[in-house]
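In what follows, a single structure is set out as C-alpha cells and then discussed.
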Amino acid sequence: MLEKQETYSKIEVIESGQIQLRKTTKVLEDGQVISQSHHRSVVTPLDDITSLPQSVQDVCNAYWTDELIANFQSQQNELEN
C-alpha cells in the first residue's frame, strides 16, 4: 500500500525576521520510503501563516514579537522607497 507523508523537517529562523521552511514529502510502500523530496519556502512577519501547520505557526509567533514585526515593516518600507 502506498502512503504519502508531508512534514516540515527544518525550520530556520533568520535574524532579519524571515523563517525558512523545508517541507519533506515521502512516499512509502509497506512502511518503506521509496521516494523523498524537499521543497523550501520562506515566510516573513508580514505573511499570512494560517494555512501552515500549528507547529510552524507556533515557532513563527514565538519569534515574531511586535518589535521585530515593526522593524521588519520599516525595513520593507525603506526598500520600497
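Letters for chains follow the order of the C-alpha cells (A, B, ...), residue numbers begin at 1 for each chain, and ligand numbers begin at 1 in the order shown.
Across chain A, DSSP run on the backbone finds alpha helix (DSSP H) at Gln54, Ser55, Val56, Gln57, Asp58, Val59, Cys60, Asn61, Ala62, Tyr63, Asp66, Glu67, Leu68, Ile69, Ala70, Asn71, Phe72, Gln73, Ser74, Gln75, Gln76, Asn77, Glu78, Leu79 and Glu80 of chain A.
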- Test item, strand (DSSP E) assignment across chain A, answer as an NGL selection string: :A and (2-13 or 19-29 or 32-43)
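For the residues A:Thr7, A:Ser16, A:Ser37, A:Gln32, ranking by smallest atom-to-atom distance to A:Val56 using only C-alpha atoms places A:Thr7 first.
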Which neighbours of stretch 72-74 of chain A fall inside 9 Å, counting only C-alpha atoms, when residues of the same chain fewer than 3 positions from it are skipped, and could you give them as a short mmCIF file (atom, residue, chain, number, x, y, z; two decimals) with N, CA and C atoms, in the first residue's frame?
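selection.cif, freshly written:
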data_model
loop_
_atom_site.label_atom_id
_atom_site.label_comp_id
_atom_site.auth_asym_id
_atom_site.auth_seq_id
_atom_site.Cartn_x
_atom_site.Cartn_y
_atom_site.Cartn_z
N SER A 16 16.94 38.52 10.20
CA SER A 16 16.16 39.59 9.57
C SER A 16 14.67 39.49 9.87
N GLY A 17 14.22 38.35 10.40
CA GLY A 17 12.80 38.15 10.69
C GLY A 17 12.17 37.09 9.81
N GLN A 18 12.86 36.71 8.76
CA GLN A 18 12.35 35.66 7.89
C GLN A 18 12.55 34.30 8.54
N THR A 44 7.67 35.56 6.02
CA THR A 44 8.10 36.78 6.69
C THR A 44 7.05 37.19 7.72
N PRO A 45 7.39 38.12 8.60
CA PRO A 45 6.41 38.57 9.59
C PRO A 45 5.17 39.22 8.98
N LEU A 46 5.22 39.55 7.69
CA LEU A 46 4.07 40.19 7.04
C LEU A 46 3.17 39.18 6.32
N GLU A 67 7.96 44.11 18.27
CA GLU A 67 9.13 44.92 17.91
C GLU A 67 9.78 44.41 16.62
N LEU A 68 9.93 43.10 16.50
CA LEU A 68 10.52 42.54 15.29
C LEU A 68 9.65 42.83 14.07
N ILE A 69 8.35 42.69 14.21
CA ILE A 69 7.42 42.97 13.10
C ILE A 69 7.53 44.42 12.67
N ASN A 77 9.61 49.07 4.04
CA ASN A 77 9.22 50.39 3.55
C ASN A 77 10.42 51.14 2.97
N GLU A 78 11.57 51.02 3.61
CA GLU A 78 12.79 51.66 3.12
C GLU A 78 13.21 51.08 1.77
N LEU A 79 13.07 49.77 1.61
CA LEU A 79 13.44 49.14 0.33
C LEU A 79 12.51 49.55 -0.81
#
- Could you name the residues that touch stretch 9-12 of chain A at 8 Å or less, counting only C-alpha atoms, but leaving out those on the same chain fewer than 3 positions away, as a VMD selection string? chain A and resid 19 to 24 56
Would you output that residue set with N, CA and C atoms, as an mmCIF file, in the first residue's frame?
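Output saved as out-v4.cif:
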data_model
loop_
_atom_site.group_PDB
_atom_site.id
_atom_site.type_symbol
_atom_site.label_atom_id
_atom_site.label_comp_id
_atom_site.auth_asym_id
_atom_site.auth_seq_id
_atom_site.Cartn_x
_atom_site.Cartn_y
_atom_site.Cartn_z
ATOM 1 N N ILE A 19 11.693 33.375 8.154
ATOM 2 C CA ILE A 19 11.818 31.999 8.617
ATOM 3 C C ILE A 19 11.807 31.097 7.392
ATOM 4 N N GLN A 20 12.860 30.285 7.261
ATOM 5 C CA GLN A 20 12.977 29.368 6.138
ATOM 6 C C GLN A 20 12.396 28.017 6.547
ATOM 7 N N LEU A 21 11.602 27.457 5.641
ATOM 8 C CA LEU A 21 10.949 26.183 5.911
ATOM 9 C C LEU A 21 11.390 25.145 4.882
ATOM 10 N N ARG A 22 11.585 23.928 5.339
ATOM 11 C CA ARG A 22 11.832 22.824 4.412
ATOM 12 C C ARG A 22 10.757 21.776 4.650
ATOM 13 N N LYS A 23 9.943 21.562 3.629
ATOM 14 C CA LYS A 23 8.902 20.549 3.705
ATOM 15 C C LYS A 23 9.409 19.292 3.008
ATOM 16 N N THR A 24 9.349 18.185 3.710
ATOM 17 C CA THR A 24 9.786 16.907 3.167
ATOM 18 C C THR A 24 8.551 16.079 2.819
ATOM 19 N N VAL A 56 4.457 24.987 12.997
ATOM 20 C CA VAL A 56 5.198 26.047 12.297
ATOM 21 C C VAL A 56 4.685 27.407 12.762
#
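Going from atom CA of A:Asp47 to atom CA of A:Gln76 covers 12.7 Å.
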List the spatial neighbours of A:Lys4 as a PDB file with N, CA and C atoms, in the first residue's frame - criterion: any atom at most 10 Å away, only C-alpha atoms, same-chain residues fewer than 4 positions off excluded.
ATOM      1  N   THR A  25       8.540  15.578   1.598  1.00  0.00           N
ATOM      2  CA  THR A  25       7.472  14.696   1.146  1.00  0.00           C
ATOM      3  C   THR A  25       8.068  13.312   0.934  1.00  0.00           C
ATOM      4  N   LYS A  26       7.488  12.340   1.601  1.00  0.00           N
ATOM      5  CA  LYS A  26       7.943  10.954   1.481  1.00  0.00           C
ATOM      6  C   LYS A  26       6.808  10.107   0.923  1.00  0.00           C
ATOM      7  N   VAL A  27       7.169   9.207   0.022  1.00  0.00           N
ATOM      8  CA  VAL A  27       6.237   8.200  -0.461  1.00  0.00           C
ATOM      9  C   VAL A  27       6.715   6.867   0.096  1.00  0.00           C
ATOM     10  N   LEU A  28       5.811   6.198   0.797  1.00  0.00           N
ATOM     11  CA  LEU A  28       6.154   4.923   1.420  1.00  0.00           C
ATOM     12  C   LEU A  28       5.333   3.799   0.803  1.00  0.00           C
ATOM     13  N   GLU A  29       5.977   2.656   0.688  1.00  0.00           N
ATOM     14  CA  GLU A  29       5.285   1.445   0.263  1.00  0.00           C
ATOM     15  C   GLU A  29       5.535   0.393   1.332  1.00  0.00           C
ATOM     16  N   VAL A  33      10.375   3.812   2.721  1.00  0.00           N
ATOM     17  CA  VAL A  33      10.461   5.006   1.886  1.00  0.00           C
ATOM     18  C   VAL A  33      10.940   4.592   0.492  1.00  0.00           C
ATOM     19  N   SER A  35      10.458   7.039  -2.119  1.00  0.00           N
ATOM     20  CA  SER A  35      10.750   8.326  -2.753  1.00  0.00           C
ATOM     21  C   SER A  35      10.713   9.410  -1.689  1.00  0.00           C
ATOM     22  N   GLN A  36      11.578  10.405  -1.863  1.00  0.00           N
ATOM     23  CA  GLN A  36      11.622  11.522  -0.912  1.00  0.00           C
ATOM     24  C   GLN A  36      12.037  12.773  -1.666  1.00  0.00           C
TER      25      GLN A  36
END
